[in-house]
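Participant: What follows is input.txt, made up of compact mmCIF, C-alpha atoms:
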# COMPACT_ATOMS: atom_id res chain seq x y z
CA MET A 1 0.00 0.00 0.00
CA ALA A 2 1.72 3.09 -1.22
CA LYS A 3 -0.50 5.44 0.71
CA HIS A 4 2.02 5.89 3.44
CA SER A 5 4.94 6.12 1.13
CA PRO A 6 6.94 9.13 2.17
CA ASN A 7 6.72 10.43 -1.36
CA ARG A 8 2.98 10.75 -1.42
CA PHE A 9 2.64 12.47 1.91
CA ASP A 10 5.56 14.77 1.22
CA ALA A 11 4.33 15.62 -2.25
CA VAL A 12 0.87 16.46 -1.01
CA MET A 13 1.67 18.19 2.27
CA LEU A 14 5.12 19.73 2.15
CA PRO A 15 4.10 22.45 -0.33
CA HIS A 16 1.89 23.80 2.42
CA LEU A 17 4.62 24.07 5.02
CA ASP A 18 4.80 27.84 4.60
CA ALA A 19 1.06 28.16 5.02
CA ALA A 20 1.24 26.00 8.14
CA TYR A 21 4.04 28.08 9.59
CA ASN A 22 2.36 31.36 8.69
CA LEU A 23 -0.82 30.38 10.49
CA ALA A 24 1.04 28.96 13.47
CA ARG A 25 3.13 32.11 13.71
CA TRP A 26 0.19 34.43 13.60
CA LEU A 27 -1.75 32.36 16.08
CA SER A 28 1.01 31.95 18.62
CA GLY A 29 2.94 35.16 18.08
CA SER A 30 6.20 33.34 18.64
CA PRO A 31 8.59 31.73 16.17
CA THR A 32 9.60 28.95 18.55
CA ASP A 33 6.01 28.06 19.35
CA ALA A 34 5.19 28.16 15.65
CA ASP A 35 8.05 25.73 15.04
CA ASP A 36 6.72 23.34 17.66
CA VAL A 37 3.14 23.64 16.44
CA VAL A 38 4.10 22.95 12.85
CA GLN A 39 6.15 19.91 13.77
CA GLU A 40 3.39 18.50 15.93
CA ALA A 41 0.78 19.26 13.27
CA PHE A 42 2.78 17.54 10.56
CA LEU A 43 3.15 14.47 12.76
CA ARG A 44 -0.59 14.37 13.27
CA ALA A 45 -1.23 14.96 9.60
CA PHE A 46 1.04 12.07 8.80
CA ARG A 47 -0.70 9.78 11.23
CA TYR A 48 -4.17 10.72 10.04
CA PHE A 49 -3.20 10.75 6.39
CA ASP A 50 -4.96 7.48 5.74
CA GLY A 51 -8.20 9.18 6.52
CA TYR A 52 -7.57 12.08 4.21
CA GLU A 53 -9.81 11.80 1.20
CA GLY A 54 -10.15 15.35 0.11
CA ASP A 55 -8.88 17.46 -2.70
CA ASN A 56 -7.92 20.36 -0.48
CA PRO A 57 -4.77 19.46 1.41
CA ARG A 58 -4.02 23.02 2.46
CA ALA A 59 -7.32 23.44 4.27
CA TRP A 60 -7.00 20.01 5.84
CA LEU A 61 -3.49 20.71 7.07
CA LEU A 62 -4.29 24.20 8.34
CA ALA A 63 -7.25 22.84 10.28
CA ILE A 64 -4.84 20.47 12.00
CA VAL A 65 -2.40 23.29 12.68
CA ARG A 66 -5.13 25.42 14.12
CA ASN A 67 -6.53 22.67 16.30
CA THR A 68 -3.10 21.66 17.49
CA TRP A 69 -2.41 25.19 18.56
CA PHE A 70 -5.77 25.75 20.14
CA THR A 71 -5.91 22.60 22.20
CA GLU A 72 -2.27 22.18 23.17
CA TRP A 73 -0.59 25.53 23.25
CA ARG A 74 -3.30 27.90 24.31
CA ARG A 75 -3.67 26.15 27.63
CA GLN A 76 0.04 26.44 28.27
CA HIS A 77 0.11 29.93 26.94
CA ASN A 78 -2.27 31.27 29.52
CA ARG A 79 0.05 30.17 32.28
CA ALA A 80 2.27 33.13 31.44
CA ASP A 81 5.07 30.84 30.47
CA ALA A 82 7.00 32.35 27.63
CA THR A 83 5.55 34.89 25.24
CA PRO A 84 4.59 38.30 26.53
CA TYR A 85 1.78 38.63 23.99
CA ASP A 86 -1.30 39.80 25.79
CA ASP A 87 -4.44 38.21 24.46
CA SER A 88 -6.51 40.19 26.89
CA LEU A 89 -5.77 43.37 25.03
CA ASN A 90 -9.38 43.42 24.12
CA VAL A 91 -9.96 45.88 21.39
CA ASP A 92 -13.40 44.46 21.21
CA ASP A 93 -15.55 46.20 23.75
CA GLN A 94 -14.02 49.62 23.62
CA LEU A 95 -14.24 50.11 19.94
CA PRO A 96 -17.89 50.18 18.96
CA GLY A 97 -18.10 53.86 19.79
CA TRP A 98 -15.18 54.64 17.51
CA ALA A 99 -16.08 52.41 14.70
CA ASP A 100 -18.83 54.41 13.10
CA GLU A 101 -16.75 56.37 10.69
CA SER A 102 -15.49 56.29 7.20
CA GLY A 103 -12.11 54.68 6.99
CA ASP A 104 -13.15 51.36 8.42
CA ASP A 105 -12.70 49.73 5.12
CA PRO A 106 -9.28 48.23 4.46
CA GLU A 107 -9.88 48.90 0.79
CA LYS A 108 -9.99 52.60 1.48
CA LEU A 109 -7.48 53.03 4.28
CA ALA A 110 -4.15 54.20 2.95
CA VAL A 111 -0.90 52.74 4.19
CA ARG A 112 2.57 53.74 3.14
CA GLN A 113 5.21 51.41 1.85
CA ASP A 114 7.22 51.79 5.01
CA GLU A 115 4.29 51.05 7.30
CA THR A 116 4.47 47.27 6.97
CA GLU A 117 5.81 46.88 10.50
CA LEU A 118 3.02 49.09 11.80
CA VAL A 119 0.36 46.99 10.11
CA HIS A 120 2.06 43.83 11.36
CA ARG A 121 1.89 45.06 14.92
CA ALA A 122 -1.69 46.22 14.54
CA LEU A 123 -2.75 42.81 13.29
CA ALA A 124 -0.93 41.20 16.19
CA THR A 125 -2.99 43.21 18.65
CA LEU A 126 -6.27 41.84 17.40
CA PRO A 127 -7.91 39.17 19.54
CA VAL A 128 -7.04 35.79 18.10
CA GLU A 129 -10.51 34.99 16.80
CA TYR A 130 -10.37 38.06 14.58
CA ARG A 131 -6.74 37.77 13.71
CA GLU A 132 -7.26 34.21 12.60
CA VAL A 133 -9.91 34.99 10.01
CA ILE A 134 -7.91 37.89 8.62
CA VAL A 135 -4.85 35.68 8.24
CA LEU A 136 -6.80 32.90 6.57
CA ARG A 137 -8.79 35.15 4.27
CA GLU A 138 -6.41 37.98 3.43
CA LEU A 139 -2.96 36.51 3.86
CA GLU A 140 -3.75 32.97 2.87
CA ASP A 141 -6.41 33.92 0.32
CA MET A 142 -8.78 31.14 1.29
CA SER A 143 -12.39 30.85 0.26
CA TYR A 144 -15.01 31.56 2.91
CA ARG A 145 -15.80 27.87 2.94
CA ASP A 146 -12.18 26.97 3.67
CA VAL A 147 -11.89 29.63 6.35
CA ALA A 148 -14.97 28.16 8.00
CA ALA A 149 -13.50 24.66 7.81
CA VAL A 150 -10.15 25.65 9.26
CA ALA A 151 -11.48 27.88 12.01
CA GLY A 152 -14.28 25.49 12.82
CA ILE A 153 -17.04 28.08 12.57
CA PRO A 154 -20.18 28.32 10.43
CA LEU A 155 -20.03 30.14 7.14
CA GLY A 156 -22.22 32.98 8.33
CA THR A 157 -19.96 33.52 11.30
CA VAL A 158 -17.00 33.81 8.96
CA MET A 159 -18.62 36.73 7.18
CA SER A 160 -19.62 38.62 10.28
CA ARG A 161 -16.35 37.96 12.03
CA LEU A 162 -14.35 39.06 9.01
CA SER A 163 -16.26 42.27 8.70
CA ARG A 164 -15.72 43.01 12.37
CA ALA A 165 -12.10 42.02 12.16
CA ARG A 166 -11.52 44.37 9.25
CA ARG A 167 -13.00 47.25 11.15
CA LEU A 168 -10.93 46.48 14.21
CA LEU A 169 -7.80 46.25 12.13
CA CYS A 170 -8.52 49.55 10.44
CA THR A 171 -8.97 51.23 13.74
CA ALA A 172 -5.79 49.76 15.10
CA VAL A 173 -3.83 50.81 12.04
CA ARG A 174 -5.26 54.29 12.02
CA ALA A 175 -4.52 54.70 15.70
CA ALA A 176 -0.95 53.64 15.15
CA GLN A 177 -0.60 55.95 12.18
CA GLY A 178 -2.30 58.80 13.94
CA GLY A 179 -0.04 58.54 16.94
CA SER A 180 3.07 59.30 14.99
CA GLU A 181 1.77 62.06 12.80
CA GLN A 182 -1.30 64.06 13.31
CA GLN A 183 -3.98 64.03 15.82
CA ALA A 184 -6.40 61.32 14.90
CA ILE A 185 -9.84 62.58 14.19
CA ARG A 186 -12.10 60.44 16.24
CA LEU A 187 -15.49 60.47 17.79
CA VAL A 188 -14.06 60.69 21.25
CA LYS A 189 -15.93 58.62 23.74
CA THR A 190 -13.20 59.16 26.32
CA PRO A 191 -11.94 55.66 25.86
CA PRO A 192 -10.05 54.07 28.73
CA ALA A 193 -6.33 54.78 28.71
CA GLY A 194 -5.23 51.18 28.27
CA PRO A 195 -5.81 50.06 24.69
CA GLU A 196 -5.31 53.48 23.17
CA GLU A 197 -1.94 54.01 24.79
CA SER A 198 -0.61 50.64 23.95
CA LYS A 199 -1.66 51.05 20.38
CA ARG A 200 0.03 54.37 20.20
CA GLY A 201 3.10 53.07 21.87
CA ASN A 202 4.23 52.34 18.39
CA MET B 1 -2.90 64.57 4.72
CA GLU B 2 0.74 64.14 3.88
CA THR B 3 0.71 60.40 3.77
CA LYS B 4 2.03 58.99 0.57
CA SER B 5 -0.56 56.38 -0.13
CA ASN B 6 1.18 53.60 -1.91
CA SER B 7 -1.54 51.10 -1.26
CA SER B 8 -4.62 50.43 0.73
CA LEU B 9 -4.57 48.34 3.87
CA ALA B 10 -6.34 45.59 1.97
CA GLU B 11 -3.63 45.53 -0.67
CA LYS B 12 -0.96 45.54 1.99
CA LEU B 13 -2.53 42.52 3.64
CA ARG B 14 -2.56 40.66 0.38
CA ASP B 15 0.82 41.60 -1.00
CA GLY B 16 2.73 39.01 0.99
CA SER B 17 4.73 41.42 3.13
CA LEU B 18 2.99 40.12 6.24
CA TYR B 19 3.32 36.47 5.27
CA GLU B 20 5.62 34.46 7.52
CA ARG B 21 7.56 31.86 5.59
CA ALA B 22 8.88 28.73 7.28
CA PRO B 23 12.56 28.99 8.18
CA GLU B 24 14.86 26.63 6.33
CA SER B 25 15.75 24.82 9.56
CA LEU B 26 12.10 23.97 10.13
CA ARG B 27 11.71 22.75 6.60
CA VAL B 28 14.67 20.42 7.05
CA GLN B 29 13.44 19.18 10.40
CA VAL B 30 9.93 18.44 9.19
CA HIS B 31 11.26 16.65 6.15
CA ALA B 32 13.57 14.52 8.27
CA ARG B 33 10.86 13.76 10.77
CA MET B 34 8.46 12.67 8.05
CA LYS B 35 11.08 10.37 6.66
CA ALA B 36 11.65 8.87 10.08
CA GLU B 37 7.93 8.39 10.59
CA ALA B 38 7.55 6.80 7.20
CA ALA B 39 10.44 4.48 7.90
CA ARG B 40 8.76 3.48 11.11
CA LYS B 41 5.52 2.67 9.32
CA ASN B 42 7.16 0.80 6.49
CA PRO B 43 9.84 -1.34 8.02
CA SER B 44 11.12 -2.45 4.66
CA PRO B 45 13.16 0.38 3.24
CA TRP B 46 12.43 -0.60 -0.31
CA ASN B 47 9.10 0.56 -1.58
CA TRP B 48 7.57 -0.30 -4.90
CA SER B 49 9.01 2.47 -6.98
CA TRP B 50 12.50 1.33 -6.04
CA ARG B 51 11.79 -2.17 -7.19
CA MET B 52 10.55 -0.88 -10.50
CA ALA B 53 13.84 0.90 -11.02
CA GLY B 54 15.60 -2.27 -12.01
CA LEU B 55 17.51 -4.93 -10.28
CA PRO B 56 21.08 -4.03 -11.24
CA PHE B 57 20.52 -0.64 -9.72
CA ILE B 58 19.09 -2.22 -6.64
CA GLY B 59 21.90 -4.69 -6.43
CA GLY B 60 24.49 -1.97 -6.62
CA GLY B 61 22.53 0.26 -4.31
CA MET B 62 22.07 -2.47 -1.77
CA ALA B 63 25.70 -3.38 -1.85
CA GLY B 64 26.68 0.22 -1.35
CA ILE B 65 24.19 0.80 1.42
CA GLY B 66 25.05 -2.53 2.96
CA LEU B 67 28.69 -1.61 3.06
CA CYS B 68 27.96 1.80 4.49
CA SER B 69 25.69 0.47 7.18
CA LEU B 70 28.25 -2.16 8.04
CA VAL B 71 30.86 0.51 8.54
CA PHE B 72 28.41 2.73 10.37
CA MET B 73 27.23 -0.08 12.60
CA THR B 74 30.77 -1.06 13.40
CA LEU B 75 31.54 2.47 14.44
CA LEU B 76 28.32 2.70 16.36
CA TRP B 77 28.71 -0.52 18.21
CA THR B 78 32.33 -0.11 19.09
CA GLN B 79 31.92 3.19 20.77
CA PRO B 80 29.27 3.06 23.45
CA PRO B 81 29.34 -0.28 25.25
CA PRO B 82 27.23 -2.90 23.48
CA ARG B 83 25.33 -3.29 26.68
CA GLY B 84 24.76 0.44 26.66
CA ALA B 85 23.12 0.25 23.25
CA ASP B 86 20.63 -2.35 24.49
CA VAL B 87 19.85 -0.16 27.42
CA GLN B 88 19.32 2.73 25.04
CA GLN B 89 16.75 0.78 23.08
CA GLU B 90 15.01 -0.26 26.26
CA ILE B 91 14.84 3.32 27.39
CA VAL B 92 13.42 4.50 24.08
CA SER B 93 10.75 1.78 24.20
CA SER B 94 9.90 2.49 27.78
CA HIS B 95 9.66 6.20 27.13
CA VAL B 96 7.46 5.79 24.07
CA ARG B 97 5.21 3.33 25.87
CA ALA B 98 4.75 5.75 28.70
CA LEU B 99 3.84 8.51 26.26
CA MET B 100 1.36 6.29 24.48
CA SER B 101 -0.47 5.44 27.64
CA ALA B 102 -1.10 9.12 28.37
CA ARG B 103 1.90 9.61 30.59
CA THR B 104 1.88 6.96 33.22
CA MET B 105 3.02 8.92 36.15
CA ASP B 106 2.92 7.10 39.40
CA VAL B 107 3.57 10.15 41.44
CA LEU B 108 2.39 13.46 40.12
CA SER B 109 4.15 16.20 41.94
CA SER B 110 6.43 19.04 41.10
CA ASP B 111 7.90 18.90 44.56
CA GLN B 112 11.16 17.04 44.73
CA HIS B 113 10.58 16.38 48.42
CA THR B 114 7.48 14.42 47.51
CA VAL B 115 8.92 12.60 44.54
CA LYS B 116 12.14 11.41 46.13
CA PRO B 117 10.67 9.70 49.22
CA TRP B 118 8.01 8.11 47.05
CA PHE B 119 10.65 5.78 45.68
CA ASN B 120 11.51 4.44 49.16
CA GLY B 121 10.55 0.82 49.44
CA ARG B 122 9.93 0.59 45.73
CA ILE B 123 13.52 0.44 44.61
CA ASP B 124 16.66 -0.47 46.43
CA TYR B 125 18.41 2.85 45.94
CA ALA B 126 17.70 6.50 46.52
CA PRO B 127 17.78 8.49 43.30
CA PRO B 128 18.89 12.08 43.56
CA VAL B 129 15.96 14.27 42.59
CA VAL B 130 16.49 17.86 41.57
CA ASP B 131 14.22 20.49 40.14
CA PRO B 132 15.95 22.79 37.65
CA GLN B 133 12.88 24.88 37.28
CA ALA B 134 14.93 28.04 37.08
CA GLN B 135 16.63 26.78 33.95
CA GLY B 136 13.30 26.02 32.36
CA PHE B 137 13.01 22.31 33.14
CA PRO B 138 10.36 21.93 35.84
CA LEU B 139 9.84 18.61 37.56
CA VAL B 140 6.47 17.11 36.77
CA GLY B 141 6.46 13.76 38.52
CA GLY B 142 7.97 10.34 38.68
CA ARG B 143 7.30 6.71 37.96
CA LEU B 144 8.71 3.26 38.29
CA ASP B 145 9.97 1.50 35.25
CA TYR B 146 11.88 -1.64 34.37
CA VAL B 147 15.10 -1.35 32.44
CA ASP B 148 18.03 -3.72 32.11
CA HIS B 149 16.48 -6.37 34.32
CA ARG B 150 15.72 -4.19 37.28
CA PRO B 151 13.25 -1.63 38.56
CA VAL B 152 14.45 1.90 37.96
CA ALA B 153 13.39 5.36 38.99
CA VAL B 154 12.22 7.74 36.30
CA MET B 155 11.84 11.43 36.97
CA ILE B 156 9.64 13.28 34.55
CA TYR B 157 10.47 16.83 33.57
CA ARG B 158 9.18 19.23 31.04
CA TYR B 159 10.78 21.65 28.61
CA LEU B 160 8.03 23.93 27.33
CA LYS B 161 5.72 21.38 25.75
CA HIS B 162 8.18 18.51 25.60
CA PRO B 163 8.24 15.80 28.24
CA ILE B 164 11.69 14.67 29.32
CA ASP B 165 12.18 11.38 31.10
CA LEU B 166 15.23 11.00 33.27
CA TYR B 167 16.14 7.44 34.12
CA VAL B 168 18.50 7.08 37.05
CA PHE B 169 19.96 3.86 38.32
CA PRO B 170 23.12 2.69 40.03
CA GLU B 171 26.08 1.62 37.98
CA ASP B 172 26.60 -2.04 37.74
CA HIS B 173 30.15 -2.36 38.91
CA GLY B 174 30.38 -6.01 38.14
CA LYS B 175 29.38 -6.00 34.50
CA ASN B 176 30.97 -2.85 33.21
CA ASP B 177 34.68 -2.40 33.01
CA VAL B 178 35.89 1.13 33.50
CA LYS B 179 36.53 1.69 29.80
CA SER B 180 33.04 0.90 28.58
CA ALA B 181 31.17 2.59 31.40
CA PRO B 182 29.34 5.78 30.49
CA SER B 183 31.52 8.83 30.82
CA SER B 184 30.88 11.59 33.25
CA THR B 185 30.49 14.09 30.47
CA PRO B 186 27.05 13.89 28.92
CA LEU B 187 27.06 11.89 25.72
CA ILE B 188 24.32 12.76 23.29
CA THR B 189 22.82 10.29 20.87
CA GLN B 190 19.80 10.21 18.68
CA SER B 191 17.55 7.20 18.39
CA ASP B 192 16.20 6.03 15.05
CA ASP B 193 12.78 7.28 15.94
CA GLY B 194 14.03 10.80 16.31
CA TYR B 195 14.24 10.95 20.09
CA SER B 196 17.18 12.76 21.60
CA LEU B 197 19.02 10.92 24.32
CA VAL B 198 21.81 11.90 26.62
CA GLN B 199 23.60 9.74 29.15
CA TRP B 200 26.20 10.31 31.76
CA ARG B 201 27.55 8.95 34.99
CA GLN B 202 27.93 10.69 38.31
CA ASP B 203 28.61 9.50 41.85
CA GLY B 204 27.93 5.89 41.08
CA MET B 205 24.65 6.57 39.27
CA VAL B 206 23.93 6.29 35.58
CA TYR B 207 21.65 8.92 34.08
CA TRP B 208 19.70 8.68 30.87
CA ALA B 209 17.51 11.51 29.63
CA ILE B 210 15.20 11.12 26.68
CA SER B 211 12.91 13.57 24.97
CA ASP B 212 11.56 14.63 21.62
CA ALA B 213 12.95 18.08 22.24
CA SER B 214 15.94 18.88 20.11
CA PRO B 215 19.41 17.82 21.25
CA VAL B 216 20.36 21.39 22.16
CA TYR B 217 17.81 21.42 24.94
CA ILE B 218 18.53 17.90 26.06
CA LYS B 219 22.14 18.88 26.52
CA ARG B 220 21.11 21.91 28.54
CA PHE B 221 18.84 19.74 30.59
CA ALA B 222 21.66 17.29 31.28
CA GLU B 223 23.90 20.12 32.41
CA ALA B 224 21.22 21.54 34.64
CA ILE B 225 20.68 18.16 36.29
CA LYS B 226 24.39 17.59 36.69
CA ALA B 227 24.79 20.94 38.35
CA GLY B 228 21.88 20.19 40.64
CA THR B 229 23.07 16.78 41.71
CA ARG B 230 26.57 17.97 42.36
CA GLN B 231 25.48 20.00 45.37
Translate the structure described by the file into structure tokens.
Facilitator:
Amino acid sequence: MAKHSPNRFDAVMLPHLDAAYNLARWLSGSPTDADDVVQEAFLRAFRYFDGYEGDNPRAWLLAIVRNTWFTEWRRQHNRADATPYDDSLNVDDQLPGWADESGDDPEKLAVRQDETELVHRALATLPVEYREVIVLRELEDMSYRDVAAVAGIPLGTVMSRLSRARRLLCTAVRAAQGGSEQQAIRLVKTPPAGPEESKRGN
Amino acid sequence: METKSNSSLAEKLRDGSLYERAPESLRVQVHARMKAEAARKNPSPWNWSWRMAGLPFIGGGMAGIGLCSLVFMTLLWTQPPPRGADVQQEIVSSHVRALMSARTMDVLSSDQHTVKPWFNGRIDYAPPVVDPQAQGFPLVGGRLDYVDHRPVAVMIYRYLKHPIDLYVFPEDHGKNDVKSAPSSTPLITQSDDGYSLVQWRQDGMVYWAISDASPVYIKRFAEAIKAGTRQ
């Protein structure tokens, strides 16, 4: 039975190593964790390969990566072990008051060539549920159906979460941009000092 | 607005500048690991496509590989004591078995003062138990195991996500001559399955550590334990 021949698994799965690492890196925020996650995920993928019948190896593999990270690492992560990334930086609740403006559309928000790092950091501040869908949809260019499969959420949720995530990201990027240049024009709802300062702390 | 708008945020997201590519080292490691796993699943190293390639090729290939493995094996077997190599295999098997059965841990405690006395009455020696938590290797627990025809103490540690088993047992003065006994400097080996092992000797005890963490960390672990037991 050639199914488990190294060639077949490698040929089908190794092309998606970058995608696996990208997702693991954005989920965990740490290159060493991403390394571990990817290795563990590939092991699992190998072991479950017999059961793989699909035509979409990338989605199948990324679902494993995502589940590996969520079940194994997130538990560890919350014990304040290694990475300083703060998942509780909850942009969520504070933002609704700010969000009702033009410029919440990534298609319309301008970013300069040299603002890649800024955007990177802004994306990293998003809560993981929002970050995840942005990474899968925008960075990985997956269909809504694939995003739903990987993230384990219904299709409708993908849409609403993406739209929210895009708004959050826009706000984060604008705040970071505004901090270094001009005063950001905002419907001020006297937001609490926390999230605003850390976003500006560019 | 003075911003030079070179693109929109949407374009920036999609242009690949935020995409994290796998480092070359990871690529190599995954590839090697998959090969090892495949070899484990298919014990015969020759799969069908090789056979199709033609017998003369195979004959030559086999002869070459046979010769190489002969040389390799000779080198391998003449360095650590032959008895040591059997012990290594036993330790790998025992470690993997423990992992498969969801970590059989007879005593679950990160307190060395709980783990060490637990072994009293269960084995005929007192293993030194240290907790190099400060160096990143916290003690997780302990268990009894059976290696080389006798019950041995195993201390279980952790490095980030990776379990590390530390087998400690007294040297067998009768069977080993001084030359083939494990050295006091940690000797690192790698099992076929991809586990990292390190062994050393100190104060009449033999230490074996095994983990799926990479050899760099196993070495660090060994040094941390050595430093701890020296006190």
Participant: What does the structure give for the distance between CA of Val150 (chain A) and CA of Pro57 (chain A), in Å to one decimal?
Facilitator: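 Taking CA of Val150 (chain A) as the start and CA of Pro57 (chain A) as the end point, the length is 11.4 Å.
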Participant: Using all atoms listed in the file, select each residue of chain B with any atom at most 6 Å away from an atom of chain A, and give the selection as a list in words.
Facilitator: Lys4, Ser5, Asn6, Ser7, Ser8, Leu9, Ala10, Leu13, Arg14, Glu20, Arg21, Ala22 and Ala38 of chain B
Participant: Between CA of Met105 (chain B) and CA of Leu139 (chain B), measure the distance and give it in Å to one decimal.
Facilitator: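 Taking CA of Met105 (chain B) and CA of Leu139 (chain B), their separation equals 11.9 Å.
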Participant: Can you work out the spacing between CA of Tyr144 (chain A) and CA of Arg131 (chain A) in Å, to one decimal?
Facilitator: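 Separation between CA of Tyr144 (chain A) and CA of Arg131 (chain A): 15.0 Å.
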Participant: Which one of B:Ser101, B:Ser184, B:Gln202, B:Ser196 sits closest to Pro215 (chain B) if you count all atoms listed in the file?
Facilitator: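 That would be B:Ser196, the residue with the smallest distance to Pro215 (chain B).
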Participant: Could you pull the residues within 10 Å of Arg158 (chain B), counting only C-alpha atoms, minus those fewer than 5 positions along the same chain, as a list of chain:residue names?
Facilitator: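 Here the answer would be B:Gln133, B:Gly136, B:Phe137, B:Pro138, B:Leu139, B:Val140, B:Gly141, B:Pro163, B:Ile164, B:Asp165, B:Ser211, B:Ala213, B:Phe221.
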Participant: I need the residue nearest Leu136 (chain A) from this list: B:Pro170, B:Lys161, B:Tyr19, B:Leu26. Use all atoms listed in the file for the distance.
Facilitator: B:Tyr19
Participant: Excluding Arg201 (chain B) and its own-chain neighbours fewer than 3 positions away, which residues fall within 12 Å of it when counting all atoms listed in the file? Please give them as a list in words.
Facilitator: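 In the requested format, the answer is Tyr167, Val168, Phe169, Pro170, Glu171, Asp172, Val178, Ser180, Ala181, Pro182, Ser183, Ser184, Thr185, Pro186, Leu187, Val198, Gly204, Met205, Val206, Tyr207, Trp208, Ala209, Ala222, Ile225, Lys226, Thr229 and Arg230 of chain B.
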Participant: Place N, CA, C and O atoms on region 161-172 of chain A and deliver the coordinates as a compact mmCIF listing (two decimals), in the frame of the given file.
Facilitator:
# COMPACT_ATOMS: atom_id res chain seq x y z
N ARG A 161 -17.60 37.78 11.30
CA ARG A 161 -16.35 37.96 12.03
C ARG A 161 -15.32 38.70 11.19
O ARG A 161 -14.57 39.54 11.68
N LEU A 162 -15.29 38.37 9.91
CA LEU A 162 -14.35 39.06 9.01
C LEU A 162 -14.65 40.55 8.95
O LEU A 162 -13.74 41.38 8.99
N SER A 163 -15.92 40.86 8.83
CA SER A 163 -16.26 42.27 8.70
C SER A 163 -15.88 43.02 9.97
O SER A 163 -15.32 44.12 9.92
N ARG A 164 -16.11 42.40 11.10
CA ARG A 164 -15.72 43.01 12.37
C ARG A 164 -14.20 43.12 12.47
O ARG A 164 -13.66 44.13 12.90
N ALA A 165 -13.56 42.05 12.08
CA ALA A 165 -12.10 42.02 12.16
C ALA A 165 -11.49 43.12 11.30
O ALA A 165 -10.52 43.78 11.70
N ARG A 166 -12.06 43.33 10.12
CA ARG A 166 -11.52 44.37 9.25
C ARG A 166 -11.67 45.74 9.87
O ARG A 166 -10.76 46.56 9.80
N ARG A 167 -12.80 45.95 10.51
CA ARG A 167 -13.00 47.25 11.15
C ARG A 167 -12.01 47.43 12.30
O ARG A 167 -11.39 48.48 12.45
N LEU A 168 -11.87 46.39 13.09
CA LEU A 168 -10.93 46.48 14.21
C LEU A 168 -9.52 46.76 13.71
O LEU A 168 -8.79 47.57 14.29
N LEU A 169 -9.16 46.07 12.65
CA LEU A 169 -7.80 46.25 12.13
C LEU A 169 -7.60 47.67 11.63
O LEU A 169 -6.58 48.30 11.89
N CYS A 170 -8.60 48.17 10.93
CA CYS A 170 -8.52 49.55 10.44
C CYS A 170 -8.31 50.52 11.58
O CYS A 170 -7.46 51.40 11.52
N THR A 171 -9.10 50.33 12.61
CA THR A 171 -8.97 51.23 13.74
C THR A 171 -7.59 51.14 14.37
O THR A 171 -6.99 52.16 14.70
N ALA A 172 -7.11 49.93 14.50
CA ALA A 172 -5.79 49.76 15.10
C ALA A 172 -4.72 50.40 14.24
O ALA A 172 -3.81 51.06 14.75
